Structures are given as structure tokens and as C-alpha cells.
file entry-v2.txt (compact mmCIF, N, CA and C atoms)
# COMPACT_ATOMS: atom_id res chain seq x y z
N GLN B 99 -68.98 -4.66 -27.14
CA GLN B 99 -69.27 -3.23 -27.01
C GLN B 99 -68.68 -2.49 -28.20
N VAL B 100 -69.44 -1.56 -28.73
CA VAL B 100 -69.03 -0.82 -29.91
C VAL B 100 -68.79 0.65 -29.55
N GLN B 101 -67.71 1.18 -30.07
CA GLN B 101 -67.43 2.62 -29.90
C GLN B 101 -67.31 3.27 -31.26
N VAL B 102 -67.97 4.40 -31.40
CA VAL B 102 -67.87 5.21 -32.61
C VAL B 102 -67.37 6.58 -32.19
N VAL B 103 -66.25 6.97 -32.73
CA VAL B 103 -65.60 8.20 -32.26
C VAL B 103 -65.33 9.14 -33.44
N GLU B 104 -65.81 10.37 -33.30
CA GLU B 104 -65.58 11.39 -34.33
C GLU B 104 -64.42 12.29 -33.90
N SER B 105 -63.79 12.91 -34.88
CA SER B 105 -62.75 13.89 -34.60
C SER B 105 -62.69 14.89 -35.75
N GLY B 106 -62.09 16.05 -35.48
CA GLY B 106 -61.86 17.01 -36.54
C GLY B 106 -62.73 18.24 -36.53
N GLY B 107 -63.66 18.34 -35.60
CA GLY B 107 -64.49 19.53 -35.55
C GLY B 107 -63.72 20.74 -35.05
N GLY B 108 -64.38 21.88 -35.10
CA GLY B 108 -63.73 23.09 -34.61
C GLY B 108 -64.38 24.34 -35.14
N LEU B 109 -63.66 25.45 -34.99
CA LEU B 109 -64.14 26.75 -35.43
C LEU B 109 -63.43 27.14 -36.72
N VAL B 110 -64.20 27.57 -37.70
CA VAL B 110 -63.62 27.95 -38.99
C VAL B 110 -64.38 29.15 -39.53
N GLN B 111 -63.70 29.97 -40.31
CA GLN B 111 -64.34 31.14 -40.91
C GLN B 111 -65.16 30.74 -42.13
N PRO B 112 -66.16 31.51 -42.46
CA PRO B 112 -66.92 31.23 -43.69
C PRO B 112 -66.00 31.13 -44.90
N GLY B 113 -66.26 30.12 -45.72
CA GLY B 113 -65.42 29.87 -46.87
C GLY B 113 -64.28 28.91 -46.59
N GLY B 114 -64.08 28.59 -45.33
CA GLY B 114 -62.99 27.70 -44.95
C GLY B 114 -63.33 26.23 -45.10
N SER B 115 -62.40 25.39 -44.67
CA SER B 115 -62.56 23.94 -44.80
C SER B 115 -62.26 23.24 -43.48
N LEU B 116 -62.89 22.10 -43.33
CA LEU B 116 -62.62 21.20 -42.21
C LEU B 116 -62.75 19.77 -42.70
N ARG B 117 -62.04 18.88 -42.04
CA ARG B 117 -62.16 17.45 -42.36
C ARG B 117 -62.53 16.70 -41.09
N LEU B 118 -63.63 15.98 -41.14
CA LEU B 118 -64.07 15.15 -40.04
C LEU B 118 -63.69 13.71 -40.30
N SER B 119 -63.33 13.01 -39.24
CA SER B 119 -63.02 11.59 -39.35
C SER B 119 -63.81 10.82 -38.31
N CYS B 120 -64.07 9.57 -38.62
CA CYS B 120 -64.84 8.71 -37.72
C CYS B 120 -64.28 7.30 -37.79
N ALA B 121 -64.18 6.68 -36.63
CA ALA B 121 -63.72 5.30 -36.57
C ALA B 121 -64.59 4.52 -35.60
N ALA B 122 -64.96 3.32 -36.01
CA ALA B 122 -65.73 2.43 -35.17
C ALA B 122 -64.84 1.27 -34.73
N SER B 123 -64.98 0.89 -33.47
CA SER B 123 -64.19 -0.22 -32.95
C SER B 123 -65.06 -1.07 -32.04
N GLY B 124 -64.55 -2.24 -31.72
CA GLY B 124 -65.30 -3.14 -30.86
C GLY B 124 -65.93 -4.26 -31.66
N SER B 125 -66.89 -4.91 -31.05
CA SER B 125 -67.52 -6.08 -31.67
C SER B 125 -68.61 -5.63 -32.63
N ILE B 126 -68.18 -4.88 -33.63
CA ILE B 126 -69.13 -4.37 -34.61
C ILE B 126 -69.22 -5.35 -35.78
N ARG B 127 -70.43 -5.65 -36.16
CA ARG B 127 -70.63 -6.60 -37.25
C ARG B 127 -70.48 -5.90 -38.59
N SER B 128 -70.75 -6.61 -39.59
CA SER B 128 -70.59 -6.12 -40.95
C SER B 128 -71.39 -4.84 -41.17
N ILE B 129 -70.69 -3.82 -41.63
CA ILE B 129 -71.31 -2.52 -41.84
C ILE B 129 -71.83 -2.40 -43.27
N TYR B 130 -73.07 -2.00 -43.42
CA TYR B 130 -73.64 -1.79 -44.75
C TYR B 130 -73.34 -0.38 -45.25
N ALA B 131 -73.51 0.60 -44.37
CA ALA B 131 -73.30 1.98 -44.79
C ALA B 131 -72.78 2.82 -43.63
N MET B 132 -72.07 3.87 -43.99
CA MET B 132 -71.57 4.82 -43.00
C MET B 132 -72.06 6.21 -43.40
N GLY B 133 -72.24 7.05 -42.41
CA GLY B 133 -72.77 8.36 -42.76
C GLY B 133 -72.49 9.43 -41.74
N TRP B 134 -72.77 10.64 -42.16
CA TRP B 134 -72.68 11.80 -41.30
C TRP B 134 -74.03 12.49 -41.24
N TYR B 135 -74.41 12.87 -40.04
CA TYR B 135 -75.62 13.62 -39.80
C TYR B 135 -75.24 14.84 -38.97
N ARG B 136 -76.13 15.81 -38.94
CA ARG B 136 -75.84 16.99 -38.13
C ARG B 136 -77.12 17.50 -37.48
N GLN B 137 -76.91 18.21 -36.37
CA GLN B 137 -78.04 18.79 -35.66
C GLN B 137 -77.66 20.18 -35.18
N ALA B 138 -78.38 21.16 -35.69
CA ALA B 138 -78.18 22.54 -35.28
C ALA B 138 -79.10 22.85 -34.10
N PRO B 139 -78.77 23.87 -33.31
CA PRO B 139 -79.62 24.21 -32.15
C PRO B 139 -81.06 24.46 -32.57
N GLY B 140 -81.98 23.81 -31.88
CA GLY B 140 -83.40 24.01 -32.15
C GLY B 140 -83.92 23.29 -33.38
N LYS B 141 -83.07 22.50 -34.02
CA LYS B 141 -83.49 21.80 -35.22
C LYS B 141 -83.35 20.29 -35.05
N GLN B 142 -84.01 19.56 -35.94
CA GLN B 142 -83.90 18.11 -35.91
C GLN B 142 -82.60 17.65 -36.56
N ARG B 143 -82.17 16.47 -36.17
CA ARG B 143 -80.99 15.89 -36.79
C ARG B 143 -81.30 15.60 -38.26
N GLU B 144 -80.36 15.93 -39.13
CA GLU B 144 -80.58 15.73 -40.55
C GLU B 144 -79.39 15.02 -41.19
N LEU B 145 -79.69 14.34 -42.29
CA LEU B 145 -78.65 13.63 -43.02
C LEU B 145 -77.77 14.64 -43.74
N VAL B 146 -76.46 14.37 -43.70
CA VAL B 146 -75.50 15.17 -44.47
C VAL B 146 -75.03 14.36 -45.67
N ALA B 147 -74.51 13.17 -45.40
CA ALA B 147 -73.99 12.33 -46.48
C ALA B 147 -73.87 10.90 -45.98
N THR B 148 -74.02 9.95 -46.92
CA THR B 148 -73.81 8.55 -46.60
C THR B 148 -73.00 7.89 -47.70
N ILE B 149 -72.38 6.76 -47.34
CA ILE B 149 -71.61 6.00 -48.31
C ILE B 149 -71.74 4.52 -47.96
N THR B 150 -71.96 3.68 -48.97
CA THR B 150 -72.04 2.26 -48.70
C THR B 150 -70.63 1.68 -48.55
N SER B 151 -70.50 0.73 -47.67
CA SER B 151 -69.17 0.23 -47.31
C SER B 151 -68.50 -0.54 -48.44
N SER B 152 -69.26 -1.35 -49.13
CA SER B 152 -68.63 -2.21 -50.13
C SER B 152 -68.48 -1.53 -51.49
N SER B 153 -69.52 -0.86 -51.95
CA SER B 153 -69.49 -0.30 -53.31
C SER B 153 -69.13 1.18 -53.36
N GLY B 154 -69.18 1.85 -52.21
CA GLY B 154 -68.82 3.26 -52.19
C GLY B 154 -69.84 4.19 -52.81
N ILE B 155 -71.08 3.76 -52.89
CA ILE B 155 -72.13 4.62 -53.44
C ILE B 155 -72.44 5.71 -52.41
N THR B 156 -72.48 6.96 -52.89
CA THR B 156 -72.67 8.09 -52.00
C THR B 156 -74.03 8.75 -52.19
N ASN B 157 -74.43 9.44 -51.15
CA ASN B 157 -75.68 10.20 -51.16
C ASN B 157 -75.46 11.45 -50.33
N TYR B 158 -75.92 12.60 -50.85
CA TYR B 158 -75.69 13.87 -50.17
C TYR B 158 -76.99 14.65 -50.01
N ALA B 159 -77.05 15.41 -48.93
CA ALA B 159 -78.13 16.38 -48.80
C ALA B 159 -77.92 17.47 -49.85
N ASP B 160 -78.99 18.01 -50.38
CA ASP B 160 -78.89 19.04 -51.40
C ASP B 160 -78.08 20.24 -50.91
N SER B 161 -78.19 20.54 -49.64
CA SER B 161 -77.54 21.72 -49.09
C SER B 161 -76.02 21.63 -49.07
N VAL B 162 -75.47 20.41 -49.22
CA VAL B 162 -74.01 20.25 -49.15
C VAL B 162 -73.41 19.75 -50.46
N LYS B 163 -74.24 19.42 -51.42
CA LYS B 163 -73.73 18.90 -52.70
C LYS B 163 -72.76 19.90 -53.33
N GLY B 164 -71.64 19.37 -53.79
CA GLY B 164 -70.64 20.22 -54.42
C GLY B 164 -69.67 20.86 -53.45
N ARG B 165 -69.98 20.78 -52.17
CA ARG B 165 -69.09 21.38 -51.15
C ARG B 165 -68.48 20.33 -50.23
N PHE B 166 -69.25 19.28 -49.91
CA PHE B 166 -68.80 18.24 -49.00
C PHE B 166 -68.52 16.96 -49.79
N THR B 167 -67.54 16.20 -49.30
CA THR B 167 -67.22 14.91 -49.91
C THR B 167 -67.05 13.87 -48.82
N ILE B 168 -67.82 12.78 -48.93
CA ILE B 168 -67.69 11.68 -47.98
C ILE B 168 -66.84 10.60 -48.63
N SER B 169 -66.00 9.95 -47.81
CA SER B 169 -65.14 8.90 -48.36
C SER B 169 -64.85 7.86 -47.29
N ARG B 170 -64.59 6.65 -47.75
CA ARG B 170 -64.19 5.58 -46.84
C ARG B 170 -62.74 5.79 -46.45
N GLY B 171 -62.45 5.57 -45.18
CA GLY B 171 -61.09 5.71 -44.72
C GLY B 171 -60.24 4.52 -45.16
N ASN B 172 -58.96 4.61 -44.91
CA ASN B 172 -58.05 3.53 -45.28
C ASN B 172 -58.26 2.29 -44.41
N ALA B 173 -58.60 2.51 -43.16
CA ALA B 173 -58.83 1.39 -42.25
C ALA B 173 -60.29 0.95 -42.32
N LYS B 174 -60.54 -0.25 -41.93
CA LYS B 174 -61.90 -0.78 -41.92
C LYS B 174 -62.76 0.01 -40.94
N ASN B 175 -64.01 0.22 -41.32
CA ASN B 175 -64.98 0.90 -40.46
C ASN B 175 -64.55 2.32 -40.10
N THR B 176 -63.99 3.00 -41.07
CA THR B 176 -63.67 4.41 -40.90
C THR B 176 -64.25 5.21 -42.06
N VAL B 177 -64.61 6.44 -41.77
CA VAL B 177 -65.22 7.29 -42.78
C VAL B 177 -64.82 8.74 -42.52
N ASP B 178 -64.61 9.48 -43.59
CA ASP B 178 -64.22 10.88 -43.50
C ASP B 178 -65.25 11.77 -44.19
N LEU B 179 -65.24 13.03 -43.78
CA LEU B 179 -66.09 14.02 -44.44
C LEU B 179 -65.26 15.28 -44.66
N GLN B 180 -64.97 15.56 -45.91
CA GLN B 180 -64.25 16.78 -46.27
C GLN B 180 -65.27 17.87 -46.54
N MET B 181 -65.16 18.95 -45.80
CA MET B 181 -66.13 20.04 -45.91
C MET B 181 -65.41 21.30 -46.41
N ASN B 182 -65.80 21.76 -47.56
CA ASN B 182 -65.22 22.96 -48.16
C ASN B 182 -66.27 24.04 -48.31
N SER B 183 -65.83 25.26 -48.52
CA SER B 183 -66.73 26.40 -48.71
C SER B 183 -67.79 26.45 -47.62
N LEU B 184 -67.35 26.32 -46.41
CA LEU B 184 -68.28 26.26 -45.28
C LEU B 184 -69.04 27.57 -45.11
N LYS B 185 -70.29 27.42 -44.69
CA LYS B 185 -71.19 28.55 -44.48
C LYS B 185 -71.64 28.58 -43.02
N PRO B 186 -72.06 29.73 -42.54
CA PRO B 186 -72.55 29.78 -41.15
C PRO B 186 -73.68 28.78 -40.89
N GLU B 187 -74.50 28.52 -41.89
CA GLU B 187 -75.60 27.59 -41.69
C GLU B 187 -75.14 26.14 -41.61
N ASP B 188 -73.86 25.88 -41.81
CA ASP B 188 -73.32 24.53 -41.60
C ASP B 188 -72.99 24.29 -40.12
N THR B 189 -73.09 25.32 -39.32
CA THR B 189 -72.81 25.19 -37.89
C THR B 189 -73.77 24.19 -37.26
N ALA B 190 -73.21 23.18 -36.59
CA ALA B 190 -74.02 22.12 -35.99
C ALA B 190 -73.09 21.15 -35.28
N VAL B 191 -73.70 20.25 -34.54
CA VAL B 191 -72.98 19.09 -34.03
C VAL B 191 -73.10 18.00 -35.10
N TYR B 192 -71.97 17.48 -35.52
CA TYR B 192 -71.92 16.46 -36.56
C TYR B 192 -71.74 15.08 -35.92
N TYR B 193 -72.60 14.15 -36.33
CA TYR B 193 -72.60 12.81 -35.78
C TYR B 193 -72.24 11.79 -36.86
N CYS B 194 -71.42 10.85 -36.47
CA CYS B 194 -71.09 9.73 -37.36
C CYS B 194 -72.05 8.58 -37.08
N ASN B 195 -72.48 7.92 -38.13
CA ASN B 195 -73.39 6.79 -38.02
C ASN B 195 -72.83 5.59 -38.76
N MET B 196 -72.93 4.43 -38.13
CA MET B 196 -72.57 3.17 -38.78
C MET B 196 -73.82 2.30 -38.79
N PHE B 197 -74.25 1.90 -39.97
CA PHE B 197 -75.45 1.08 -40.09
C PHE B 197 -75.04 -0.32 -40.51
N ALA B 198 -75.34 -1.30 -39.63
CA ALA B 198 -74.91 -2.67 -39.89
C ALA B 198 -75.93 -3.44 -40.73
N HIS B 199 -75.45 -4.48 -41.38
CA HIS B 199 -76.35 -5.36 -42.16
C HIS B 199 -77.41 -5.96 -41.25
N SER B 200 -77.08 -6.14 -39.99
CA SER B 200 -78.03 -6.73 -39.04
C SER B 200 -79.19 -5.78 -38.72
N GLY B 201 -79.03 -4.51 -39.08
CA GLY B 201 -80.07 -3.53 -38.77
C GLY B 201 -79.73 -2.64 -37.58
N TYR B 202 -78.63 -2.93 -36.92
CA TYR B 202 -78.21 -2.11 -35.80
C TYR B 202 -77.62 -0.79 -36.29
N ASP B 203 -77.93 0.25 -35.52
CA ASP B 203 -77.39 1.60 -35.77
C ASP B 203 -76.40 1.93 -34.67
N TYR B 204 -75.24 2.43 -35.04
CA TYR B 204 -74.26 2.85 -34.05
C TYR B 204 -73.95 4.32 -34.28
N TRP B 205 -73.98 5.09 -33.19
CA TRP B 205 -73.77 6.54 -33.28
C TRP B 205 -72.59 6.98 -32.42
N GLY B 206 -71.89 8.00 -32.91
CA GLY B 206 -70.86 8.64 -32.12
C GLY B 206 -71.46 9.70 -31.21
N GLN B 207 -70.61 10.31 -30.40
CA GLN B 207 -71.06 11.33 -29.46
C GLN B 207 -71.22 12.70 -30.12
N GLY B 208 -70.65 12.86 -31.28
CA GLY B 208 -70.78 14.13 -32.00
C GLY B 208 -69.57 15.01 -31.85
N THR B 209 -69.34 15.84 -32.86
CA THR B 209 -68.26 16.82 -32.81
C THR B 209 -68.81 18.16 -33.31
N GLN B 210 -68.47 19.21 -32.60
CA GLN B 210 -69.01 20.53 -32.92
C GLN B 210 -68.26 21.17 -34.08
N VAL B 211 -69.03 21.67 -35.03
CA VAL B 211 -68.48 22.46 -36.13
C VAL B 211 -69.14 23.84 -36.07
N THR B 212 -68.32 24.86 -35.95
CA THR B 212 -68.82 26.23 -35.88
C THR B 212 -68.20 27.05 -37.01
N VAL B 213 -69.06 27.64 -37.82
CA VAL B 213 -68.59 28.48 -38.94
C VAL B 213 -68.98 29.91 -38.62
N SER B 214 -67.97 30.71 -38.32
CA SER B 214 -68.23 32.08 -37.89
C SER B 214 -66.99 32.95 -38.13
N SER B 215 -67.25 34.20 -38.42
CA SER B 215 -66.14 35.15 -38.57
C SER B 215 -65.87 35.86 -37.26
call {"tool": "encode", "arguments": {"input": "entry-v2.txt", "output": "C-alpha cells"}}
result
Amino acid sequence: QVQVVESGGGLVQPGGSLRLSCAASGSIRSIYAMGWYRQAPGKQRELVATITSSSGITNYADSVKGRFTISRGNAKNTVDLQMNSLKPEDTAVYYCNMFAHSGYDYWGQGTQVTVSS
């Protein structure tokens, strides 16, 4: 059984920062890539950023480039998302994703990020 758990969400004012963390545990096989996605009310889930596990190659949505940074955590199967210069339109539930070499997708339950004054 695999568990993917996010942490670090919350309420922040526009222009502020938050750091999200994600850790996967259990009988998880070799991970090819880790990522963050988000879903705002009434909208589809969208990619925020991804990073490959071995080489650290990153990919960002245009809307977050220059503001968000994804990085591999110190422990195996962990990933962080540093979010700076947050805007109200960044408000969403943020989901962590682990994509295994086997093709399996593992998702967390999500953490709420609210950007509001």
C-alpha cells in the first residue's frame, strides 16, 4: 500500500510565500518523476511543476515560471514546492503526484492554498 502525503498549505497574503512538501511511503516502486498539480474551484486539475527523480530535470507551467521552484527532498521519494510572489489566482487545492517507471500514478489527498488579503 502506498501513501502520498502533502503538507504546508494555508492562507497567505498576495505577494507572500509558502512551501509545500510531499512524501511517499509504502511499497512504492521506482519513481520516474514527481510533480505538483492544482485544481481551483470549477476548473480542471492542471500541472504546476514536475521534476525527474534521477536527473532533476524540471518543467513548469507558464503561469508559475519565475515564482515557483520544485526540488527533490533530502529523503527518497520526497518533493518540495517553494512558492513565492503568490497571487490570488494561485488559490487552489495542490496535489502531489508520484509517477513510477511501471506506469503507476500515485496521488496525495491535496492541500489547500489560499491567497487572499
call {"tool": "atom_distance", "arguments": {"input": "entry-v2.txt", "atom1": "CA of Thr167 (chain B)", "atom2": "CA of Asp203 (chain B)"}}
result
21.9 Å
call {"tool": "residues_around", "arguments": {"input": "entry-v2.txt", "residues": "Leu109 (chain B)", "least_positions_apart": "3", "cutoff": "8 Å", "atoms": "all atoms listed in the file", "output": "mmCIF file with N, CA and C atoms, keeping the file's coordinate frame"}}
result
data_model
loop_
_atom_site.group_PDB
_atom_site.id
_atom_site.type_symbol
_atom_site.label_atom_id
_atom_site.label_comp_id
_atom_site.auth_asym_id
_atom_site.auth_seq_id
_atom_site.Cartn_x
_atom_site.Cartn_y
_atom_site.Cartn_z
ATOM 1 N N GLY B 106 -62.090 16.050 -35.480
ATOM 2 C CA GLY B 106 -61.860 17.010 -36.540
ATOM 3 C C GLY B 106 -62.730 18.240 -36.530
ATOM 4 N N PRO B 112 -66.160 31.510 -42.460
ATOM 5 C CA PRO B 112 -66.920 31.230 -43.690
ATOM 6 C C PRO B 112 -66.000 31.130 -44.900
ATOM 7 N N SER B 115 -62.400 25.390 -44.670
ATOM 8 C CA SER B 115 -62.560 23.940 -44.800
ATOM 9 C C SER B 115 -62.260 23.240 -43.480
ATOM 10 N N GLN B 210 -68.470 19.210 -32.600
ATOM 11 C CA GLN B 210 -69.010 20.530 -32.920
ATOM 12 C C GLN B 210 -68.260 21.170 -34.080
ATOM 13 N N VAL B 211 -69.030 21.670 -35.030
ATOM 14 C CA VAL B 211 -68.480 22.460 -36.130
ATOM 15 C C VAL B 211 -69.140 23.840 -36.070
ATOM 16 N N THR B 212 -68.320 24.860 -35.950
ATOM 17 C CA THR B 212 -68.820 26.230 -35.880
ATOM 18 C C THR B 212 -68.200 27.050 -37.010
ATOM 19 N N VAL B 213 -69.060 27.640 -37.820
ATOM 20 C CA VAL B 213 -68.590 28.480 -38.940
ATOM 21 C C VAL B 213 -68.980 29.910 -38.620
ATOM 22 N N SER B 214 -67.970 30.710 -38.320
ATOM 23 C CA SER B 214 -68.230 32.080 -37.890
ATOM 24 C C SER B 214 -66.990 32.950 -38.130
#
call {"tool": "atom_distance", "arguments": {"input": "entry-v2.txt", "atom1": "atom N of Asp188 (chain B)", "atom2": "CA of Ser153 (chain B)"}}
result
28.9 Å
call {"tool": "atom_distance", "arguments": {"input": "entry-v2.txt", "atom1": "CA of Gly107 (chain B)", "atom2": "CA of Ser215 (chain B)"}}
result
16.0 Å
call {"tool": "closest_residue", "arguments": {"input": "entry-v2.txt", "among": "B:Ser151, B:Gly140, B:Tyr135, B:Asn182", "to": "Asn195 (chain B)", "atoms": "all atoms listed in the file"}}
result
B:Tyr135
call {"tool": "decode", "arguments": {"input": "entry-v2.txt", "residues": "region 155-173 of chain B", "atoms": "N, CA and C atoms", "output": "PDB file, in the first residue's frame"}}
result
ATOM      1  N   ILE B 155      15.520  17.021 -13.834  1.00  0.00           N
ATOM      2  CA  ILE B 155      15.026  17.902 -14.893  1.00  0.00           C
ATOM      3  C   ILE B 155      13.644  18.416 -14.495  1.00  0.00           C
ATOM      4  N   THR B 156      13.464  19.730 -14.608  1.00  0.00           N
ATOM      5  CA  THR B 156      12.222  20.347 -14.165  1.00  0.00           C
ATOM      6  C   THR B 156      11.386  20.865 -15.331  1.00  0.00           C
ATOM      7  N   ASN B 157      10.114  21.000 -15.059  1.00  0.00           N
ATOM      8  CA  ASN B 157       9.166  21.537 -16.027  1.00  0.00           C
ATOM      9  C   ASN B 157       8.133  22.339 -15.254  1.00  0.00           C
ATOM     10  N   TYR B 158       7.801  23.535 -15.755  1.00  0.00           N
ATOM     11  CA  TYR B 158       6.875  24.416 -15.053  1.00  0.00           C
ATOM     12  C   TYR B 158       5.760  24.895 -15.975  1.00  0.00           C
ATOM     13  N   ALA B 159       4.605  25.119 -15.379  1.00  0.00           N
ATOM     14  CA  ALA B 159       3.546  25.805 -16.108  1.00  0.00           C
ATOM     15  C   ALA B 159       3.983  27.254 -16.323  1.00  0.00           C
ATOM     16  N   ASP B 160       3.602  27.834 -17.432  1.00  0.00           N
ATOM     17  CA  ASP B 160       3.987  29.211 -17.735  1.00  0.00           C
ATOM     18  C   ASP B 160       3.536  30.174 -16.636  1.00  0.00           C
ATOM     19  N   SER B 161       2.403  29.891 -16.043  1.00  0.00           N
ATOM     20  CA  SER B 161       1.830  30.795 -15.056  1.00  0.00           C
ATOM     21  C   SER B 161       2.634  30.880 -13.764  1.00  0.00           C
ATOM     22  N   VAL B 162       3.540  29.918 -13.534  1.00  0.00           N
ATOM     23  CA  VAL B 162       4.301  29.918 -12.281  1.00  0.00           C
ATOM     24  C   VAL B 162       5.803  30.084 -12.498  1.00  0.00           C
ATOM     25  N   LYS B 163       6.233  30.097 -13.737  1.00  0.00           N
ATOM     26  CA  LYS B 163       7.670  30.238 -14.022  1.00  0.00           C
ATOM     27  C   LYS B 163       8.217  31.509 -13.392  1.00  0.00           C
ATOM     28  N   GLY B 164       9.358  31.363 -12.741  1.00  0.00           N
ATOM     29  CA  GLY B 164       9.991  32.508 -12.110  1.00  0.00           C
ATOM     30  C   GLY B 164       9.489  32.786 -10.703  1.00  0.00           C
ATOM     31  N   ARG B 165       8.410  32.133 -10.321  1.00  0.00           N
ATOM     32  CA  ARG B 165       7.849  32.344  -8.965  1.00  0.00           C
ATOM     33  C   ARG B 165       7.915  31.083  -8.113  1.00  0.00           C
ATOM     34  N   PHE B 166       7.717  29.923  -8.747  1.00  0.00           N
ATOM     35  CA  PHE B 166       7.709  28.651  -8.033  1.00  0.00           C
ATOM     36  C   PHE B 166       8.979  27.867  -8.358  1.00  0.00           C
ATOM     37  N   THR B 167       9.437  27.090  -7.377  1.00  0.00           N
ATOM     38  CA  THR B 167      10.591  26.225  -7.588  1.00  0.00           C
ATOM     39  C   THR B 167      10.301  24.848  -7.015  1.00  0.00           C
ATOM     40  N   ILE B 168      10.442  23.830  -7.866  1.00  0.00           N
ATOM     41  CA  ILE B 168      10.266  22.460  -7.416  1.00  0.00           C
ATOM     42  C   ILE B 168      11.638  21.855  -7.163  1.00  0.00           C
ATOM     43  N   SER B 169      11.729  21.024  -6.118  1.00  0.00           N
ATOM     44  CA  SER B 169      13.015  20.412  -5.805  1.00  0.00           C
ATOM     45  C   SER B 169      12.801  19.061  -5.144  1.00  0.00           C
ATOM     46  N   ARG B 170      13.791  18.206  -5.312  1.00  0.00           N
ATOM     47  CA  ARG B 170      13.763  16.903  -4.652  1.00  0.00           C
ATOM     48  C   ARG B 170      14.129  17.096  -3.191  1.00  0.00           C
ATOM     49  N   GLY B 171      13.411  16.391  -2.328  1.00  0.00           N
ATOM     50  CA  GLY B 171      13.713  16.479  -0.916  1.00  0.00           C
ATOM     51  C   GLY B 171      14.972  15.700  -0.574  1.00  0.00           C
ATOM     52  N   ASN B 172      15.407  15.828   0.653  1.00  0.00           N
ATOM     53  CA  ASN B 172      16.603  15.117   1.098  1.00  0.00           C
ATOM     54  C   ASN B 172      16.364  13.615   1.204  1.00  0.00           C
ATOM     55  N   ALA B 173      15.159  13.244   1.581  1.00  0.00           N
ATOM     56  CA  ALA B 173      14.835  11.819   1.702  1.00  0.00           C
ATOM     57  C   ALA B 173      14.315  11.286   0.375  1.00  0.00           C
TER      58      ALA B 173
END
